[in-house]
$ cat model-v9.txt   # compact mmCIF, C-alpha atoms
# COMPACT_ATOMS: atom_id res chain seq x y z
CA MET S 1 0.00 0.00 0.00
CA HIS S 2 1.31 3.43 -0.96
CA VAL S 3 0.40 6.33 1.33
CA GLY S 4 0.44 10.03 0.57
CA PHE S 5 0.61 12.69 3.27
CA ILE S 6 -0.21 16.39 2.92
CA GLY S 7 0.12 18.80 5.84
CA LEU S 8 3.47 18.48 7.56
CA GLY S 9 2.94 20.83 10.47
CA SER S 10 3.61 20.28 14.17
CA GLN S 11 1.16 17.39 14.27
CA GLY S 12 1.25 16.15 10.66
CA ALA S 13 5.03 15.83 10.47
CA PRO S 14 5.37 13.24 13.26
CA MET S 15 2.34 11.38 11.85
CA ALA S 16 4.01 11.17 8.45
CA ARG S 17 7.28 10.03 9.99
CA ARG S 18 5.51 7.23 11.85
CA ILE S 19 4.01 6.02 8.55
CA ILE S 20 7.43 6.07 6.92
CA ASP S 21 9.11 4.33 9.87
CA ALA S 22 6.45 1.60 9.72
CA GLY S 23 7.73 0.69 6.26
CA TYR S 24 4.96 2.08 4.06
CA ASP S 25 5.91 3.49 0.68
CA THR S 26 5.18 7.16 1.31
CA THR S 27 4.96 10.29 -0.83
CA LEU S 28 4.85 13.78 0.68
CA TRP S 29 3.76 17.18 -0.60
CA ALA S 30 4.05 20.58 1.05
CA ARG S 31 3.49 24.15 -0.12
CA ARG S 32 6.92 25.14 1.15
CA ALA S 33 9.90 23.11 0.01
CA ALA S 34 11.66 23.85 3.31
CA THR S 35 9.04 21.76 5.12
CA LEU S 36 10.22 18.67 3.26
CA GLU S 37 13.84 19.09 4.35
CA ALA S 38 13.09 17.34 7.65
CA PHE S 39 12.40 14.15 5.66
CA THR S 40 15.58 14.00 3.59
CA ASP S 41 16.89 11.30 5.96
CA THR S 42 13.94 9.03 5.10
CA PRO S 43 13.05 6.94 2.03
CA ALA S 44 9.90 9.02 1.47
CA LYS S 45 9.38 10.45 -2.00
CA THR S 46 8.17 13.99 -2.66
CA ALA S 47 5.72 15.25 -5.26
CA GLY S 48 5.46 18.53 -7.12
CA THR S 49 1.67 18.79 -6.72
CA PRO S 50 -1.11 17.09 -4.75
CA ALA S 51 -2.26 15.48 -8.01
CA GLU S 52 1.19 14.01 -8.61
CA LEU S 53 1.23 12.67 -5.06
CA ALA S 54 -2.23 11.17 -5.41
CA ALA S 55 -1.40 9.44 -8.68
CA ALA S 56 1.14 7.27 -6.85
CA CYS S 57 -1.03 6.49 -3.82
CA ASP S 58 -3.79 4.23 -2.55
CA ILE S 59 -4.54 6.35 0.53
CA VAL S 60 -4.00 10.10 0.85
CA CYS S 61 -3.95 11.61 4.35
CA VAL S 62 -4.67 15.33 4.60
CA CYS S 63 -3.73 17.25 7.75
CA VAL S 64 -4.01 20.94 6.81
CA VAL S 65 -5.42 23.75 8.94
CA ASN S 66 -8.98 24.54 7.88
CA ASP S 67 -11.90 23.93 5.52
CA THR S 68 -10.57 26.21 2.80
CA ASP S 69 -7.19 24.47 2.81
CA VAL S 70 -8.82 21.04 2.63
CA GLU S 71 -11.00 22.05 -0.31
CA GLU S 72 -8.08 23.62 -2.15
CA VAL S 73 -5.83 20.60 -1.69
CA LEU S 74 -8.53 18.21 -2.86
CA THR S 75 -10.40 20.09 -5.59
CA GLY S 76 -8.12 22.96 -6.61
CA LYS S 77 -5.92 23.01 -9.70
CA ASN S 78 -3.66 19.93 -9.62
CA GLY S 79 -5.51 18.79 -6.51
CA VAL S 80 -5.75 15.28 -5.11
CA LEU S 81 -8.90 14.47 -7.09
CA ASP S 82 -7.01 15.21 -10.31
CA GLY S 83 -4.62 12.34 -9.61
CA LEU S 84 -6.14 9.71 -7.31
CA ARG S 85 -7.35 6.56 -9.06
CA SER S 86 -10.72 4.87 -8.60
CA GLY S 87 -10.65 2.75 -5.44
CA GLY S 88 -8.46 5.24 -3.60
CA VAL S 89 -9.31 6.65 -0.17
CA ILE S 90 -8.84 10.16 1.20
CA ALA S 91 -8.53 10.54 4.98
CA ILE S 92 -9.15 14.07 6.25
CA HIS S 93 -7.29 14.50 9.53
CA SER S 94 -8.08 18.22 9.75
CA THR S 95 -10.84 19.37 12.08
CA VAL S 96 -13.43 20.90 9.76
CA HIS S 97 -17.17 21.28 9.35
CA PRO S 98 -18.89 17.89 8.81
CA ASP S 99 -20.64 19.34 5.76
CA THR S 100 -17.26 20.07 4.18
CA CYS S 101 -16.50 16.35 4.23
CA ARG S 102 -19.93 15.45 2.88
CA LYS S 103 -19.63 18.03 0.11
CA LEU S 104 -16.19 16.78 -0.94
CA ALA S 105 -17.40 13.19 -0.89
CA GLU S 106 -19.70 13.92 -3.84
CA PRO S 107 -17.06 14.68 -6.52
CA ALA S 108 -14.81 12.02 -5.00
CA GLY S 109 -17.55 9.40 -5.22
CA LYS S 110 -18.17 10.17 -8.87
CA GLN S 111 -14.57 9.13 -9.48
CA GLY S 112 -14.88 5.94 -7.41
CA ILE S 113 -12.93 7.49 -4.52
CA ARG S 114 -14.05 7.11 -0.90
CA LEU S 115 -13.58 9.74 1.77
CA VAL S 116 -13.08 9.20 5.50
CA ASP S 117 -13.25 12.04 8.00
CA ALA S 118 -10.57 11.24 10.54
CA PRO S 119 -9.84 14.17 12.88
CA VAL S 120 -7.16 13.59 15.47
CA SER S 121 -6.60 14.63 19.07
CA GLY S 122 -3.47 14.64 21.20
CA GLY S 123 -0.89 16.87 19.56
CA GLY S 124 2.53 16.34 18.04
CA GLY S 125 4.00 14.57 21.06
CA ALA S 126 1.25 11.96 21.06
CA ALA S 127 1.68 11.49 17.30
CA ALA S 128 5.41 10.87 17.69
CA GLU S 129 4.70 8.26 20.38
CA GLY S 130 1.93 6.54 18.41
CA ARG S 131 -0.84 7.41 20.85
CA LEU S 132 -2.98 9.92 19.01
CA LEU S 133 -6.73 9.53 19.14
CA VAL S 134 -8.17 9.08 15.64
CA LEU S 135 -11.89 9.37 15.14
CA ALA S 136 -13.05 7.89 11.84
CA GLY S 137 -16.32 8.47 10.07
CA GLY S 138 -17.40 6.88 6.82
CA ASP S 139 -17.87 3.60 5.00
CA THR S 140 -16.73 0.68 7.17
CA GLU S 141 -14.65 -0.87 4.41
CA ALA S 142 -12.84 2.40 3.78
CA VAL S 143 -12.18 2.92 7.49
CA GLU S 144 -10.78 -0.60 7.84
CA LEU S 145 -8.54 -0.07 4.82
CA CYS S 146 -7.09 2.99 6.56
CA ARG S 147 -6.87 1.45 10.03
CA PRO S 148 -3.38 -0.12 9.68
CA VAL S 149 -2.02 3.24 8.51
CA PHE S 150 -3.76 5.10 11.32
CA ALA S 151 -2.38 2.54 13.78
CA THR S 152 1.17 3.69 13.04
CA TYR S 153 0.48 6.92 14.94
CA ALA S 154 -2.78 6.35 16.82
CA SER S 155 -4.31 4.35 19.64
CA PRO S 156 -7.23 4.21 19.95
CA ILE S 157 -8.93 4.44 16.55
CA ILE S 158 -12.69 4.83 16.97
CA HIS S 159 -15.15 4.37 14.11
CA THR S 160 -17.88 6.86 15.01
CA GLY S 161 -20.35 6.04 12.22
CA ALA S 162 -21.29 7.71 8.96
CA LEU S 163 -19.20 10.30 7.13
CA GLY S 164 -19.12 13.53 9.13
CA SER S 165 -19.78 11.89 12.48
CA ALA S 166 -16.09 11.94 13.42
CA GLN S 167 -15.85 15.68 12.83
CA LEU S 168 -18.92 16.25 14.97
CA THR S 169 -17.48 14.02 17.72
CA LYS S 170 -14.18 15.93 17.62
CA LEU S 171 -15.96 19.29 17.81
CA LEU S 172 -17.93 18.13 20.85
CA ASN S 173 -14.70 16.95 22.47
CA ASN S 174 -13.08 20.33 21.83
CA LEU S 175 -16.15 22.13 23.16
CA LEU S 176 -15.96 20.19 26.42
CA PHE S 177 -12.21 20.77 26.67
CA THR S 178 -12.78 24.51 26.22
CA ALA S 179 -15.45 24.46 28.91
CA HIS S 180 -13.06 22.60 31.22
CA LEU S 181 -10.44 25.32 30.65
CA ALA S 182 -12.88 27.89 32.00
CA THR S 183 -13.77 25.89 35.10
CA ALA S 184 -10.14 25.02 35.79
CA ALA S 185 -8.87 28.59 35.39
CA SER S 186 -11.71 30.07 37.45
CA THR S 187 -11.21 27.50 40.22
CA LEU S 188 -7.53 28.39 40.50
CA ALA S 189 -8.41 32.10 40.43
CA LEU S 190 -10.94 31.60 43.25
CA GLY S 191 -8.31 29.72 45.23
CA ARG S 192 -5.91 32.64 44.89
CA GLN S 193 -8.58 35.04 46.14
CA LEU S 194 -9.17 32.78 49.14
CA GLY S 195 -5.48 32.75 49.96
CA ILE S 196 -4.75 29.21 48.78
CA ASP S 197 -1.40 28.44 47.16
CA THR S 198 -2.41 27.65 43.57
CA THR S 199 0.43 25.20 43.02
CA ALA S 200 -0.69 23.14 45.99
CA LEU S 201 -4.33 23.52 44.95
CA ALA S 202 -3.61 22.28 41.43
CA GLN S 203 -1.59 19.37 42.77
CA ALA S 204 -4.41 18.41 45.14
CA ILE S 205 -7.12 18.57 42.48
CA THR S 206 -4.96 16.62 40.03
CA HIS S 207 -5.07 13.73 42.50
CA GLY S 208 -8.72 14.26 43.37
CA THR S 209 -12.09 13.79 41.74
CA GLY S 210 -12.04 17.27 40.20
CA THR S 211 -9.07 16.62 37.94
CA SER S 212 -9.12 17.09 34.17
CA PHE S 213 -6.71 17.28 31.27
CA ALA S 214 -7.61 20.95 30.99
CA LEU S 215 -6.46 21.55 34.57
CA THR S 216 -3.03 20.09 33.77
CA ARG S 217 -2.76 22.41 30.73
CA VAL S 218 -3.78 25.49 32.70
CA THR S 219 -1.40 24.61 35.53
CA ALA S 220 1.49 24.07 33.11
CA ALA S 221 0.72 27.48 31.60
CA GLY S 222 1.12 29.24 34.94
CA GLY S 223 -2.40 28.93 36.33
CA THR S 224 -4.19 31.20 33.84
CA LEU S 225 -5.20 31.05 30.18
CA ASP S 226 -2.93 33.95 29.18
CA ARG S 227 -0.11 31.86 27.70
CA MET S 228 -2.52 29.54 25.89
CA ALA S 229 -4.54 32.34 24.32
CA PRO S 230 -2.33 33.28 21.33
CA VAL S 231 -2.10 29.73 19.96
CA ALA S 232 -5.10 27.82 21.32
CA GLY S 233 -7.55 30.70 21.36
CA PRO S 234 -8.18 31.04 17.59
CA LEU S 235 -8.47 27.27 17.08
CA LEU S 236 -10.87 26.78 19.97
CA GLN S 237 -12.87 29.80 18.83
CA LYS S 238 -13.20 28.22 15.38
CA ASP S 239 -14.44 24.94 16.82
CA ALA S 240 -16.87 26.63 19.20
CA ARG S 241 -18.28 28.64 16.30
CA LEU S 242 -18.74 25.47 14.24
CA ILE S 243 -20.53 23.56 17.00
CA THR S 244 -22.75 26.56 17.73
CA GLU S 245 -23.73 26.70 14.08
CA LEU S 246 -24.44 22.96 14.02
CA ALA S 247 -26.54 23.15 17.19
CA ARG S 248 -28.58 25.98 15.72
CA THR S 249 -29.07 24.11 12.43
CA HIS S 250 -30.32 21.02 14.27
CA HIS S 251 -32.41 23.06 16.75
CA ALA S 252 -30.39 21.54 19.60
CA THR S 253 -29.86 23.17 23.00
CA PRO S 254 -26.14 23.23 23.89
CA GLY S 255 -26.78 23.95 27.57
CA THR S 256 -24.13 24.88 30.11
CA VAL S 257 -21.18 23.43 28.18
CA LEU S 258 -21.38 26.19 25.56
CA THR S 259 -21.75 28.85 28.25
CA ALA S 260 -18.63 27.60 30.00
CA ALA S 261 -16.74 27.38 26.69
CA ASP S 262 -17.71 30.97 25.92
CA ASP S 263 -16.36 31.97 29.34
CA ALA S 264 -13.00 30.37 28.50
CA LEU S 265 -12.82 32.17 25.16
CA ASP S 266 -13.73 35.44 26.90
CA LEU S 267 -10.93 34.89 29.43
CA MET S 268 -8.48 34.33 26.56
CA ASN S 269 -9.68 37.41 24.71
CA HIS S 270 -9.35 39.65 27.73
CA ARG S 271 -6.27 37.88 29.22
CA ARG S 272 -7.53 38.19 32.73
$ encode --input "model-v9.txt" --output "structure tokens"
Amino acid sequence: MHVGFIGLGSQGAPMARRIIDAGYDTTLWARRAATLEAFTDTPAKTAGTPAELAAACDIVCVCVVNDTDVEEVLTGKNGVLDGLRSGGVIAIHSTVHPDTCRKLAEPAGKQGIRLVDAPVSGGGGAAAEGRLLVLAGGDTEAVELCRPVFATYASPIIHTGALGSAQLTKLLNNLLFTAHLATAASTLALGRQLGIDTTALAQAITHGTGTSFALTRVTAAGGTLDRMAPVAGPLLQKDARLITELARTHHATPGTVLTAADDALDLMNHRR
């Protein structure tokens, strides 16, 4: 099986390297040639365009930033759909709107190409250690075809259902994480006001029933959301906006989780 990988950022690069190290024939493409320099010590091939990459591959993994980037890489001039053969599979590792995946599945399907939405969670360190979470939505056969490739950088791999369901699951996960950031930061702030040493408080909660991954992130960032805001803020804002839109479209009531997530985003915006 020949695998293509597009999107060699802080998370995509270690994912691609795990695929290569597992012995898969791999072809890479990046907008900036400098990005590919980190792979000169590997047997991976490089392509001049996404279409050229796709023409050599059975599975193409895409790990770019947003919906626009995904659409451009797949359907733009010399995009993946210009090169991938019938029977090929595209795995979208980016976190995007579920409808983006469904929309792209239409032109892909007309060419006999299947699409899997496969957003990831865990970050570059988890990718390098093979312990990313991969959520996979789409046709069961397509997901199972991709599973051995995903397994090079992920554990667990969870098939969430139909195409688009993995993106929705990831957005809900990110919404809850954002809400947890607010409750963790506000708890530490309340402790400070009550005269409690926040380092001791964080250590106690980490070993208690109130612990959360968000608390460990806030603690590592100095007990507030200030340091996280420049990098995490825009991404979490994007995901919160998407889930809000989806809830409105489906006439669903988000409840307190969205209120808490909004509080976290407000704290990041005002750096207080």
$ residues_around --input "model-v9.txt" --residues "region 205-211 of chain S" --least-positions-apart "3" --cutoff "12 Å" --atoms "all atoms listed in the file" --output "ChimeraX atom specification"
/S:180-181,183-184,187-188,191,198-202,214-219
$ atom_distance --input "model-v9.txt" --atom1 "CA of Thr35 (chain S)" --atom2 "CA of Thr49 (chain S)"
14.3 Å
$ residues_around --input "model-v9.txt" --residues "Leu225 (chain S)" --least-positions-apart "5" --cutoff "10 Å" --atoms "only C-alpha atoms" --output "PDB file with C-alpha atoms, in the frame of the given file"
ATOM      1  CA  LEU S 181     -10.440  25.320  30.650  1.00  0.00           C
ATOM      2  CA  ALA S 182     -12.880  27.890  32.000  1.00  0.00           C
ATOM      3  CA  ALA S 184     -10.140  25.020  35.790  1.00  0.00           C
ATOM      4  CA  ALA S 185      -8.870  28.590  35.390  1.00  0.00           C
ATOM      5  CA  SER S 186     -11.710  30.070  37.450  1.00  0.00           C
ATOM      6  CA  ARG S 217      -2.760  22.410  30.730  1.00  0.00           C
ATOM      7  CA  VAL S 218      -3.780  25.490  32.700  1.00  0.00           C
ATOM      8  CA  THR S 219      -1.400  24.610  35.530  1.00  0.00           C
ATOM      9  CA  PRO S 230      -2.330  33.280  21.330  1.00  0.00           C
ATOM     10  CA  ALA S 232      -5.100  27.820  21.320  1.00  0.00           C
ATOM     11  CA  GLY S 233      -7.550  30.700  21.360  1.00  0.00           C
ATOM     12  CA  ALA S 264     -13.000  30.370  28.500  1.00  0.00           C
ATOM     13  CA  LEU S 265     -12.820  32.170  25.160  1.00  0.00           C
ATOM     14  CA  LEU S 267     -10.930  34.890  29.430  1.00  0.00           C
ATOM     15  CA  MET S 268      -8.480  34.330  26.560  1.00  0.00           C
ATOM     16  CA  ASN S 269      -9.680  37.410  24.710  1.00  0.00           C
ATOM     17  CA  HIS S 270      -9.350  39.650  27.730  1.00  0.00           C
ATOM     18  CA  ARG S 271      -6.270  37.880  29.220  1.00  0.00           C
ATOM     19  CA  ARG S 272      -7.530  38.190  32.730  1.00  0.00           C
TER      20      ARG S 272
END
$ residues_around --input "model-v9.txt" --residues "Leu36 (chain S)" --least-positions-apart "5" --cutoff "10 Å" --atoms "all atoms listed in the file" --output "PyMOL selection string"
chain S and resi 8+13+28-31+44-46
$ closest_residue --input "model-v9.txt" --among "S:Thr75, S:Thr40, S:Thr95, S:Ser165" --to "Pro107 (chain S)" --atoms "only C-alpha atoms"
S:Thr75
$ residues_near_point --input "model-v9.txt" --point "(-7.1, 3.5, -6.9)" --cutoff "9 Å" --atoms "all atoms listed in the file" --output "PyMOL selection string"
chain S and resi 55+57-59+84-89+112-113
$ closest_residue --input "model-v9.txt" --among "S:Pro98, S:Gly222, S:Gly122, S:Gly79" --to "Ser10 (chain S)" --atoms "all atoms listed in the file"
S:Gly122
$ closest_residue --input "model-v9.txt" --among "S:His2, S:Arg227, S:His97, S:Lys77" --to "Cys61 (chain S)" --atoms "all atoms listed in the file"
S:His2
$ closest_residue --input "model-v9.txt" --among "S:Gly137, S:Gly124, S:Gly9, S:Pro14" --to "Arg102 (chain S)" --atoms "only C-alpha atoms"
S:Gly137
$ closest_residue --input "model-v9.txt" --among "S:Ile6, S:Leu135, S:Val96, S:Ala220" --to "Glu52 (chain S)" --atoms "only C-alpha atoms"
S:Ile6
$ axis_aligned_box --input "model-v9.txt" --around "region 45-60 of chain S" --padding-each-side "8 Å" --output "JSON"
{"center_x": 2.4, "center_y": 11.5, "center_z": -3.9, "size_x": 29.9, "size_y": 30.6, "size_z": 25.5}
$ closest_residue --input "model-v9.txt" --among "S:Ala127, S:Leu175, S:Ala252, S:Asp117" --to "Ile158 (chain S)" --atoms "all atoms listed in the file"
S:Asp117
$ atom_distance --input "model-v9.txt" --atom1 "CA of Tyr24 (chain S)" --atom2 "CA of Val149 (chain S)"
8.4 Å
$ residues_around --input "model-v9.txt" --residues "Arg18 (chain S)" --least-positions-apart "2" --cutoff "10 Å" --atoms "all atoms listed in the file" --output "ChimeraX atom specification"
/S:12-16,20-24,127-130,149-154
$ atom_distance --input "model-v9.txt" --atom1 "CA of Ala166 (chain S)" --atom2 "CA of Gly138 (chain S)"
8.4 Å
$ residues_around --input "model-v9.txt" --residues "Ala247 (chain S)" --least-positions-apart "6" --cutoff "12 Å" --atoms "all atoms listed in the file" --output "list of chain:residue names"
S:Leu168, S:Leu171, S:Leu172, S:Ala240, S:Arg241, S:Thr253, S:Pro254, S:Gly255, S:Leu258
$ write_last_selection --input "model-v9.txt" --atoms "C-alpha atoms" --output "short mmCIF file (atom, residue, chain, number, x, y, z; two decimals), in the frame of the given file"
data_model
loop_
_atom_site.label_atom_id
_atom_site.label_comp_id
_atom_site.auth_asym_id
_atom_site.auth_seq_id
_atom_site.Cartn_x
_atom_site.Cartn_y
_atom_site.Cartn_z
CA LEU S 168 -18.92 16.25 14.97
CA LEU S 171 -15.96 19.29 17.81
CA LEU S 172 -17.93 18.13 20.85
CA ALA S 240 -16.87 26.63 19.20
CA ARG S 241 -18.28 28.64 16.30
CA THR S 253 -29.86 23.17 23.00
CA PRO S 254 -26.14 23.23 23.89
CA GLY S 255 -26.78 23.95 27.57
CA LEU S 258 -21.38 26.19 25.56
#
$ build_atoms --input "model-v9.txt" --residues "region 195-216 of chain S" --atoms "N, CA and C atoms" --output "short mmCIF file (atom, residue, chain, number, x, y, z; two decimals), keeping the file's coordinate frame"
data_model
loop_
_atom_site.label_atom_id
_atom_site.label_comp_id
_atom_site.auth_asym_id
_atom_site.auth_seq_id
_atom_site.Cartn_x
_atom_site.Cartn_y
_atom_site.Cartn_z
N GLY S 195 -6.76 32.88 49.28
CA GLY S 195 -5.48 32.75 49.96
C GLY S 195 -4.84 31.38 49.88
N ILE S 196 -5.31 30.55 48.94
CA ILE S 196 -4.75 29.21 48.78
C ILE S 196 -3.60 29.25 47.78
N ASP S 197 -2.52 28.55 48.10
CA ASP S 197 -1.40 28.44 47.16
C ASP S 197 -1.88 27.65 45.94
N THR S 198 -1.82 28.28 44.76
CA THR S 198 -2.41 27.65 43.57
C THR S 198 -1.64 26.42 43.11
N THR S 199 -0.33 26.39 43.38
CA THR S 199 0.43 25.20 43.02
C THR S 199 -0.03 24.00 43.83
N ALA S 200 -0.19 24.21 45.12
CA ALA S 200 -0.69 23.14 45.99
C ALA S 200 -2.12 22.77 45.63
N LEU S 201 -2.93 23.77 45.32
CA LEU S 201 -4.33 23.52 44.95
C LEU S 201 -4.40 22.66 43.68
N ALA S 202 -3.61 23.04 42.68
CA ALA S 202 -3.61 22.28 41.43
C ALA S 202 -3.13 20.85 41.65
N GLN S 203 -2.10 20.70 42.49
CA GLN S 203 -1.59 19.37 42.77
C GLN S 203 -2.65 18.52 43.48
N ALA S 204 -3.37 19.14 44.41
CA ALA S 204 -4.41 18.41 45.14
C ALA S 204 -5.53 17.97 44.21
N ILE S 205 -6.00 18.90 43.37
CA ILE S 205 -7.12 18.57 42.48
C ILE S 205 -6.70 17.51 41.46
N THR S 206 -5.45 17.59 41.00
CA THR S 206 -4.96 16.62 40.03
C THR S 206 -5.07 15.19 40.56
N HIS S 207 -4.96 15.05 41.88
CA HIS S 207 -5.07 13.73 42.50
C HIS S 207 -6.46 13.48 43.10
N GLY S 208 -7.38 14.39 42.83
CA GLY S 208 -8.72 14.26 43.37
C GLY S 208 -9.75 14.04 42.29
N THR S 209 -11.01 14.06 42.68
CA THR S 209 -12.09 13.79 41.74
C THR S 209 -12.35 14.95 40.77
N GLY S 210 -11.81 16.12 41.07
CA GLY S 210 -12.04 17.27 40.20
C GLY S 210 -11.04 17.42 39.08
N THR S 211 -10.14 16.46 38.93
CA THR S 211 -9.07 16.62 37.94
C THR S 211 -9.60 16.57 36.51
N SER S 212 -8.81 17.12 35.60
CA SER S 212 -9.12 17.09 34.17
C SER S 212 -7.85 17.37 33.39
N PHE S 213 -7.84 16.96 32.13
CA PHE S 213 -6.71 17.28 31.27
C PHE S 213 -6.55 18.79 31.15
N ALA S 214 -7.67 19.50 31.09
CA ALA S 214 -7.61 20.95 30.99
C ALA S 214 -6.89 21.57 32.18
N LEU S 215 -7.13 21.03 33.37
CA LEU S 215 -6.46 21.55 34.57
C LEU S 215 -4.95 21.40 34.44
N THR S 216 -4.48 20.28 33.92
CA THR S 216 -3.03 20.09 33.77
C THR S 216 -2.47 21.10 32.78
#
